[in-house]
Amino acid sequence: MIELAGQLFILLAVIGAGFICTKLQILDTHVSDRMTDFLMKVSIPCLLISSIGTEPLADGSSAIWYCGAIVGAYYIVGITGVWFLLGRRNIPRGRRAVLTCMAVMPNTAFIGFPMVGLVLGENATVYVGMMLMVFNIVFFAWAMFLFQGKMTLSAKTILTPCNCATVIMVILFLGNIQLNDYVYKLLHQFSVLTTPMALIIIGINFAGADLKAVLRNRVLYVLSGVRLILLPALLMAAIWFLRIPDTLRMACLIGMSCPGSTLASVIVSKEREDRTFGSEAVVHSTIFSMITIPVWIYTMQTVLR
């Protein structure tokens, strides 16, 4: 636990660096947008493929499919449950879509990768790649349907660099094909940028938010409670009864206990008149996830002993 706390302090320090640099006008939201593009199109795809490394996962090839099934079931239950619970309160469709997305969709790309790599090692990030692929499919098909009343799933939304890299990763993984040492080192040069860039982007987002307003908004506390406590608790209870590797249990819990998705916040901002709500929800849940994620990790480690 002490080692985990030390590593988390380092992550917070990098977030703080992004925050300070933004306040000093060294960085801004334009830089954040370009960094996000680089992460999603270059750095994370390289991380996914290089996660195969030079040694196969010891869990077996079936584990990655279990990961996809678990995460898919999580989204089905989470989105359906929150959507209908809000419907019983006669909340308008647009508002229900906003609250559902911000409560259920996690920031797997920016928080999941660093945390899983920190706790379980680089090889375990193959699970995060599968989570990210399921996220993209669910988000652009189902979550967008909540907003617009129609499916937006298309080749453009499916054939993203991250999804293509995930397919390559799965093929290499299932075929037990190891990367050439020089190829691995080349990909690794880009993949190591994932964690610091993602954390700096979070710091930039913090700097652009009105933290006092964020911490005063009662609705955000409810959303963060569902996102960070209720849904991870239900997931942990469900996967405890499954016969799956402990590494997969921990990876799924970390991935699904991440704060609200930045991609969901962008869509929320486009669909709502209140343009700041999505970013405020992400900032709020990210702040409190610095407490809840370590607690979930410690809880799972204690249970698995």
# chains A, B, ... in the order shown; residues from 1 in each chain; ligands from 1
$ residues_around --residues "Thr194 in chain A" --least-positions-apart "6" --cutoff "8 Å" --atoms "only C-alpha atoms" --output "number ranges by chain"
A: 39, 43-44, 47, 114
$ closest_residue --among "A:Thr262, A:Ala103, A:Ala207, A:Leu118" --to "Leu8 in chain A" --atoms "only C-alpha atoms"
A:Leu118
$ closest_residue --among "A:Leu146, A:Ala109, A:Ile200, A:Val14" --to "Trp83 in chain A" --atoms "only C-alpha atoms"
A:Leu146
$ residues_around --residues "range 249-257 of chain A" --least-positions-apart "6" --cutoff "7 Å" --atoms "only C-alpha atoms" --output "VMD selection string"
chain A and resid 106 108 112 116 127 to 128 227 to 228 232 236 239 293 300
$ write_last_selection --atoms "C-alpha atoms" --output "short mmCIF file (atom, residue, chain, number, x, y, z; two decimals), in the first residue's frame"
data_model
loop_
_atom_site.label_atom_id
_atom_site.label_comp_id
_atom_site.auth_asym_id
_atom_site.auth_seq_id
_atom_site.Cartn_x
_atom_site.Cartn_y
_atom_site.Cartn_z
CA PRO A 106 -15.27 5.50 -17.61
CA THR A 108 -10.40 3.97 -19.59
CA GLY A 112 -7.06 2.95 -17.03
CA VAL A 116 -3.29 -0.99 -14.78
CA TYR A 127 -6.97 -6.07 -21.09
CA VAL A 128 -7.31 -2.28 -21.20
CA ARG A 227 -19.42 6.19 -11.29
CA LEU A 228 -16.78 5.63 -8.61
CA PRO A 232 -17.50 -0.69 -9.26
CA MET A 236 -16.58 -6.47 -7.96
CA ILE A 239 -16.73 -10.97 -10.96
CA ILE A 293 -9.30 3.91 -7.07
CA MET A 300 -9.28 -6.29 -4.20
#
